[in-house]
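Notes for the one structure printed next.
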Protein chains: 2
Amino acid sequence: MTTADDAPPARLLELPTWLISQTSVHAHRLLAEAFAEAGSRGYHYRLLAALVEYGPASQATLGRRTGIDRSDVVAALNDLADRDLIERSPDPSDRRRNIVTVTSAGREHYRRLDTGLTGVQEELLAPLSAAEREQLVQMLARVLEHHSGRTPRAV
Amino acid sequence: MTTADDAPPARLLELPTWLISQTSVHAHRLLAEAFAEAGSRGYHYRLLAALVEYGPASQATLGRRTGIDRSDVVAALNDLADRDLIERSPDPSDRRRNIVTVTSAGREHYRRLDTGLTGVQEELLAPLSAAEREQLVQMLARVLEHHSGRTPRAV
DNA sequence: CGGCATCGTGGGATGAACCAACAAATGGAC
DNA sequence: GTCCATTTGTTGGTTCATCCCACGATGCCG
């Protein structure tokens, strides 16, 4: 036993990837709490956001927009439909498709989730000034833009 | 179909938590690739790093230092022991404990993983200047410090 | 001595992401 | 117009990281 017995390897603390992962873990925890409070999960929020922003769409399109696998979209939409937050109706012009629509309750629910989300941003970035947050967002966006070749994912 | 058919909800792109999660996903992918190339995973690197930095330790201590659950430490150490990268020996002064030691092959392996890791940082933050990287690290460290109440995790 | 905490270990449980396969339906190429 | 490749919704199953619980063995404190 050389030192404190907890205290992570110092090497990790200088690795951006580690810092980002750790921050992401905290973010996940906060988000999960916020969503759970409203009885939802990240998938639900993302789907609702896509529907609210772009309007009705087929499930496959929703999957593409949100970066969620087709099969997972099915499950999440089932949840949302059970709570009458969305509706599925067959597409008359293409009988393979379901047209998914947000209900007004769905919009309401989305609004609730979204304000919770805004609170989480505040909580996560508490120690940063507004200018710093702005800069952080800008840098991360640049990084993501640069890697936009592959893979979307988790809220 | 209102728009591009892929294209994520714009709301997400302004949420720091989302940007961080996404960046973390990319980091994970790059790290997994780098580690896989050397036939290892994040747990292995973290454990080796703790051993190299702090010297021999019990499994429980390793768990605390790396933030890995005791039971998962067992599995990861089994892997490392199978490849003769670490050794377990009973602690004479406390027969509950195993003293875990890196072998020289282990140190070598750690060095290899670590240079791979350094490359990944470069790759991930490619679009940022040195000054920006420095600032990013500084901001993230500050955020983590602020939330140091609970939960460490994943490389 | 006796109760309580700690250690290594095994056996799950969970949640997010991913992949394979299928039947029904569509859309082109010829 | 008829075939073939593709798309869609859906089921079912896999992987990976994390976390929790229980157990027997051991150590420590009063």
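Naming scheme: A, B, ... for chains in displayed order of the structure tokens; residues 1 onward per chain; ligands 1 onward as shown.
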Can you check which parts of chain C lie within 10 Å of chain A? Per residue, the shortest pair of atoms and distance in Å to one decimal, counting only C-alpha atoms (C1' of nucleotides), sorted by chain and number, as a Markdown table.
| residue | atom | partner | partner_atom | distance |
| --- | --- | --- | --- | --- |
| C:DA16 | C1' | A:Ala154 | CA | 7.6 |
| C:DA17 | C1' | A:Asp69 | CA | 8.1 |
| C:DC18 | C1' | A:Asp69 | CA | 7.7 |
| C:DC19 | C1' | A:Asp69 | CA | 9.9 |
| C:DA24 | C1' | A:Arg96 | CA | 7.0 |
| C:DA25 | C1' | A:Arg96 | CA | 5.6 |
| C:DT26 | C1' | A:Asp94 | CA | 7.6 |
Counting only C-alpha atoms (C1' of nucleotides), which residues of chain D fall within 10 Å of chain B, and what is the closest atom pair for each with its distance in Å at one decimal, ordered by chain and rising number, as CSV?
residue,atom,partner,partner_atom,distance
D:DA17,C1',B:Ala154,CA,7.6
D:DT18,C1',B:Asp69,CA,8.2
D:DC19,C1',B:Asp69,CA,7.5
D:DC20,C1',B:Asp69,CA,9.9
D:DA25,C1',B:Arg96,CA,7.2
D:DT26,C1',B:Arg96,CA,5.5
D:DG27,C1',B:Asp94,CA,7.3
Could the residues in this selection be saved with N, CA and C atoms (P, O5', C5', C4', C3', O3' and C1' of nucleotides) as a PDB file, in the first residue's frame?
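Wrote selection.pdb, looks like this:
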ATOM      1  P    DA D  17     -16.326  -4.002 -22.214  1.00  0.00           P
ATOM      2  O5'  DA D  17     -17.091  -3.111 -21.136  1.00  0.00           O
ATOM      3  C5'  DA D  17     -17.567  -1.835 -21.544  1.00  0.00           C
ATOM      4  C4'  DA D  17     -18.450  -1.280 -20.453  1.00  0.00           C
ATOM      5  C3'  DA D  17     -17.792  -1.241 -19.073  1.00  0.00           C
ATOM      6  O3'  DA D  17     -17.968   0.053 -18.529  1.00  0.00           O
ATOM      7  C1'  DA D  17     -19.849  -2.438 -18.971  1.00  0.00           C
ATOM      8  P    DT D  18     -17.282   0.420 -17.125  1.00  0.00           P
ATOM      9  O5'  DT D  18     -18.468   0.230 -16.074  1.00  0.00           O
ATOM     10  C5'  DT D  18     -19.725   0.835 -16.329  1.00  0.00           C
ATOM     11  C4'  DT D  18     -20.784   0.234 -15.429  1.00  0.00           C
ATOM     12  C3'  DT D  18     -20.430   0.214 -13.944  1.00  0.00           C
ATOM     13  O3'  DT D  18     -21.226   1.202 -13.303  1.00  0.00           O
ATOM     14  C1'  DT D  18     -21.611  -1.757 -14.653  1.00  0.00           C
ATOM     15  P    DC D  19     -20.979   1.587 -11.765  1.00  0.00           P
ATOM     16  O5'  DC D  19     -21.955   0.584 -10.991  1.00  0.00           O
ATOM     17  C5'  DC D  19     -23.292   0.419 -11.453  1.00  0.00           C
ATOM     18  C4'  DC D  19     -23.936  -0.758 -10.746  1.00  0.00           C
ATOM     19  C3'  DC D  19     -23.585  -0.862  -9.268  1.00  0.00           C
ATOM     20  O3'  DC D  19     -24.778  -0.682  -8.536  1.00  0.00           O
ATOM     21  C1'  DC D  19     -23.552  -2.988 -10.340  1.00  0.00           C
ATOM     22  P    DC D  20     -24.812  -0.580  -6.948  1.00  0.00           P
ATOM     23  O5'  DC D  20     -25.417  -1.988  -6.501  1.00  0.00           O
ATOM     24  C5'  DC D  20     -26.377  -2.617  -7.344  1.00  0.00           C
ATOM     25  C4'  DC D  20     -26.798  -3.945  -6.752  1.00  0.00           C
ATOM     26  C3'  DC D  20     -26.525  -4.100  -5.267  1.00  0.00           C
ATOM     27  O3'  DC D  20     -27.639  -4.768  -4.712  1.00  0.00           O
ATOM     28  C1'  DC D  20     -25.456  -5.834  -6.440  1.00  0.00           C
ATOM     29  P    DA D  25     -15.054 -21.990   4.873  1.00  0.00           P
ATOM     30  O5'  DA D  25     -13.912 -20.877   4.974  1.00  0.00           O
ATOM     31  C5'  DA D  25     -13.061 -20.677   3.864  1.00  0.00           C
ATOM     32  C4'  DA D  25     -12.188 -19.470   4.125  1.00  0.00           C
ATOM     33  C3'  DA D  25     -11.479 -19.509   5.473  1.00  0.00           C
ATOM     34  O3'  DA D  25     -10.087 -19.299   5.253  1.00  0.00           O
ATOM     35  C1'  DA D  25     -12.604 -17.443   5.173  1.00  0.00           C
ATOM     36  P    DT D  26      -9.045 -19.471   6.422  1.00  0.00           P
ATOM     37  O5'  DT D  26      -8.898 -17.969   6.927  1.00  0.00           O
ATOM     38  C5'  DT D  26      -8.364 -17.010   6.043  1.00  0.00           C
ATOM     39  C4'  DT D  26      -8.629 -15.645   6.592  1.00  0.00           C
ATOM     40  C3'  DT D  26      -7.921 -15.336   7.906  1.00  0.00           C
ATOM     41  O3'  DT D  26      -6.788 -14.560   7.602  1.00  0.00           O
ATOM     42  C1'  DT D  26     -10.106 -14.368   7.716  1.00  0.00           C
ATOM     43  P    DG D  27      -5.746 -14.203   8.746  1.00  0.00           P
ATOM     44  O5'  DG D  27      -6.352 -12.857   9.351  1.00  0.00           O
ATOM     45  C5'  DG D  27      -6.265 -11.691   8.553  1.00  0.00           C
ATOM     46  C4'  DG D  27      -7.024 -10.566   9.215  1.00  0.00           C
ATOM     47  C3'  DG D  27      -6.449 -10.148  10.568  1.00  0.00           C
ATOM     48  O3'  DG D  27      -6.050  -8.801  10.462  1.00  0.00           O
ATOM     49  C1'  DG D  27      -8.818 -10.416  10.648  1.00  0.00           C
TER      50       DG D  27
END
Practice prompt. Would you give me, as a ChimeraX atom specification, the residues of chain A that come within 7 Å of chain B, using only C-alpha atoms?
Written response: /A:1-2,5-9,16-24,27,49-50,53-55,57,61,64-66,121,125,127,136-137,140-144,146,152-155
How about saving the chosen residues, N, CA and C atoms kept, as a short mmCIF file (atom, residue, chain, number, x, y, z; two decimals), in the first residue's frame?
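Written output follows (again07.cif):
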data_model
loop_
_atom_site.label_atom_id
_atom_site.label_comp_id
_atom_site.auth_asym_id
_atom_site.auth_seq_id
_atom_site.Cartn_x
_atom_site.Cartn_y
_atom_site.Cartn_z
N MET A 1 0.84 -1.20 0.00
CA MET A 1 0.00 0.00 0.00
C MET A 1 0.87 1.24 0.00
N THR A 2 0.98 1.89 -1.11
CA THR A 2 1.89 3.02 -1.21
C THR A 2 1.19 4.34 -0.88
N ASP A 5 -5.12 4.69 -1.27
CA ASP A 5 -5.93 3.49 -1.29
C ASP A 5 -7.18 3.66 -2.14
N ASP A 6 -7.68 4.86 -2.23
CA ASP A 6 -8.47 5.19 -3.39
C ASP A 6 -7.58 6.24 -4.05
N ALA A 7 -7.96 7.04 -4.95
CA ALA A 7 -7.05 7.90 -5.72
C ALA A 7 -6.69 7.14 -6.97
N PRO A 8 -7.26 7.59 -8.07
CA PRO A 8 -7.07 6.93 -9.35
C PRO A 8 -5.66 7.16 -9.85
N PRO A 9 -5.18 6.28 -10.75
CA PRO A 9 -3.89 6.49 -11.40
C PRO A 9 -3.83 7.89 -11.99
N PRO A 16 -7.62 13.24 -22.05
CA PRO A 16 -8.91 13.80 -22.44
C PRO A 16 -9.99 12.74 -22.57
N THR A 17 -9.66 11.60 -23.17
CA THR A 17 -10.67 10.56 -23.32
C THR A 17 -11.23 10.13 -21.98
N TRP A 18 -10.36 10.04 -20.99
CA TRP A 18 -10.82 9.64 -19.66
C TRP A 18 -11.73 10.71 -19.06
N LEU A 19 -11.31 11.96 -19.15
CA LEU A 19 -12.10 13.05 -18.60
C LEU A 19 -13.47 13.11 -19.26
N ILE A 20 -13.47 12.91 -20.56
CA ILE A 20 -14.74 12.95 -21.28
C ILE A 20 -15.63 11.78 -20.87
N SER A 21 -15.04 10.60 -20.78
CA SER A 21 -15.81 9.44 -20.35
C SER A 21 -16.41 9.65 -18.97
N GLN A 22 -15.59 10.13 -18.07
CA GLN A 22 -16.06 10.34 -16.71
C GLN A 22 -17.16 11.37 -16.66
N THR A 23 -16.97 12.45 -17.39
CA THR A 23 -17.99 13.49 -17.43
C THR A 23 -19.27 12.92 -18.01
N SER A 24 -19.10 12.09 -19.02
CA SER A 24 -20.26 11.47 -19.64
C SER A 24 -20.99 10.57 -18.65
N ALA A 27 -22.99 12.78 -16.51
CA ALA A 27 -24.12 13.26 -17.30
C ALA A 27 -25.20 12.18 -17.39
N ALA A 49 -38.44 14.18 -29.40
CA ALA A 49 -37.79 15.37 -29.96
C ALA A 49 -37.84 15.34 -31.49
N ALA A 50 -37.52 14.19 -32.05
CA ALA A 50 -37.54 14.07 -33.52
C ALA A 50 -38.94 14.31 -34.06
N GLU A 53 -39.93 18.06 -33.64
CA GLU A 53 -39.20 18.95 -34.54
C GLU A 53 -39.56 18.77 -36.01
N TYR A 54 -39.66 17.48 -36.40
CA TYR A 54 -39.83 17.22 -37.83
C TYR A 54 -41.22 16.77 -38.22
N GLY A 55 -42.07 16.57 -37.21
CA GLY A 55 -43.41 16.10 -37.52
C GLY A 55 -43.45 14.61 -37.72
N ALA A 57 -43.50 10.78 -38.87
CA ALA A 57 -42.52 10.07 -39.69
C ALA A 57 -42.71 8.58 -39.53
N THR A 61 -37.55 6.02 -40.48
CA THR A 61 -37.01 7.38 -40.52
C THR A 61 -36.65 7.87 -39.12
N ARG A 64 -33.41 6.52 -38.14
CA ARG A 64 -32.28 7.19 -38.78
C ARG A 64 -32.02 8.55 -38.15
N ARG A 65 -33.08 9.26 -37.85
CA ARG A 65 -32.91 10.59 -37.29
C ARG A 65 -32.32 10.56 -35.89
N THR A 66 -32.72 9.58 -35.12
CA THR A 66 -32.30 9.55 -33.72
C THR A 66 -31.07 8.69 -33.50
N GLN A 121 -28.34 20.31 -17.58
CA GLN A 121 -27.18 21.02 -18.16
C GLN A 121 -26.60 21.97 -17.11
N LEU A 125 -22.79 21.53 -15.52
CA LEU A 125 -21.75 22.51 -15.83
C LEU A 125 -21.66 23.62 -14.79
N PRO A 127 -19.83 24.47 -12.36
CA PRO A 127 -18.59 25.21 -12.09
C PRO A 127 -18.06 26.03 -13.25
N LEU A 136 -17.02 25.37 -24.50
CA LEU A 136 -17.03 23.91 -24.41
C LEU A 136 -17.93 23.33 -25.49
N VAL A 137 -19.13 23.87 -25.58
CA VAL A 137 -20.07 23.41 -26.59
C VAL A 137 -19.48 23.55 -27.99
N LEU A 140 -16.68 20.90 -28.53
CA LEU A 140 -17.20 19.54 -28.68
C LEU A 140 -17.91 19.38 -30.02
N ALA A 141 -18.66 20.41 -30.40
CA ALA A 141 -19.35 20.36 -31.68
C ALA A 141 -18.34 20.21 -32.81
N ARG A 142 -17.23 20.90 -32.68
CA ARG A 142 -16.20 20.82 -33.70
C ARG A 142 -15.62 19.41 -33.77
N VAL A 143 -15.37 18.85 -32.61
CA VAL A 143 -14.84 17.49 -32.57
C VAL A 143 -15.81 16.51 -33.22
N LEU A 144 -17.08 16.63 -32.86
CA LEU A 144 -18.08 15.72 -33.41
C LEU A 144 -18.21 15.88 -34.91
N HIS A 146 -15.99 16.75 -36.91
CA HIS A 146 -14.81 16.13 -37.51
C HIS A 146 -14.93 14.61 -37.61
N PRO A 152 -23.95 7.43 -34.26
CA PRO A 152 -24.64 8.27 -33.28
C PRO A 152 -24.91 7.47 -32.00
N ARG A 153 -25.51 8.07 -31.00
CA ARG A 153 -25.93 7.31 -29.79
C ARG A 153 -26.44 8.04 -28.56
N ALA A 154 -26.40 7.35 -27.44
CA ALA A 154 -27.00 7.61 -26.13
C ALA A 154 -27.14 9.07 -25.63
N VAL A 155 -28.29 9.40 -25.11
CA VAL A 155 -28.46 10.69 -24.43
C VAL A 155 -27.69 10.67 -23.14
#
Worksheet item: Quick one: DSSP strand (DSSP E) residues in chain A, as a list in words?
Response: Ala57, Ser58, Ile86, Glu87, Arg88, Ser89, Pro90, Asn98, Ile99, Val100, Thr101 and Val102 of chain A
Give me a file of those residues, with C-alpha atoms, as a PDB file, in the first residue's frame.
ATOM      1  CA  ALA A  57     -42.521  10.074 -39.691  1.00  0.00           C
ATOM      2  CA  SER A  58     -42.166   6.370 -40.303  1.00  0.00           C
ATOM      3  CA  ILE A  86     -47.740   8.806 -29.739  1.00  0.00           C
ATOM      4  CA  GLU A  87     -50.003   7.112 -32.267  1.00  0.00           C
ATOM      5  CA  ARG A  88     -49.244   4.690 -35.051  1.00  0.00           C
ATOM      6  CA  SER A  89     -51.333   4.690 -38.209  1.00  0.00           C
ATOM      7  CA  PRO A  90     -50.726   2.821 -41.446  1.00  0.00           C
ATOM      8  CA  ASN A  98     -46.449   3.138 -39.957  1.00  0.00           C
ATOM      9  CA  ILE A  99     -46.867   6.864 -39.659  1.00  0.00           C
ATOM     10  CA  VAL A 100     -45.988   7.888 -36.139  1.00  0.00           C
ATOM     11  CA  THR A 101     -47.555  11.026 -34.698  1.00  0.00           C
ATOM     12  CA  VAL A 102     -47.142  12.783 -31.354  1.00  0.00           C
TER      13      VAL A 102
END
Worksheet entry | Expected answer as an NGL selection string: helix (DSSP H, G or I) residues in chain B | :B and (10-14 or 16-37 or 42-54 or 59-66 or 70-82 or 104-124 or 130-146)
Practice prompt. Could you give me, as a VMD selection string, the residues within 9 Å of Asp84 in chain A, counting only C-alpha atoms (C1' of nucleotides) and dropping anything in the same chain fewer than 2 positions from it?
Written response: chain A and resid 79 to 82 86 to 87 102 to 103 105 to 106
Can you spit out the residues from that selection as a compact mmCIF listing (two decimals), in the first residue's frame, using C-alpha atoms?
# COMPACT_ATOMS: atom_id res chain seq x y z
CA ASP A 79 -43.91 2.28 -24.41
CA LEU A 80 -44.90 5.69 -25.72
CA ALA A 81 -48.02 4.31 -27.38
CA ASP A 82 -49.07 2.54 -24.18
CA ILE A 86 -47.74 8.81 -29.74
CA GLU A 87 -50.00 7.11 -32.27
CA VAL A 102 -47.14 12.78 -31.35
CA THR A 103 -50.33 13.31 -29.43
CA ALA A 105 -50.16 14.60 -24.36
CA GLY A 106 -46.93 13.58 -26.04
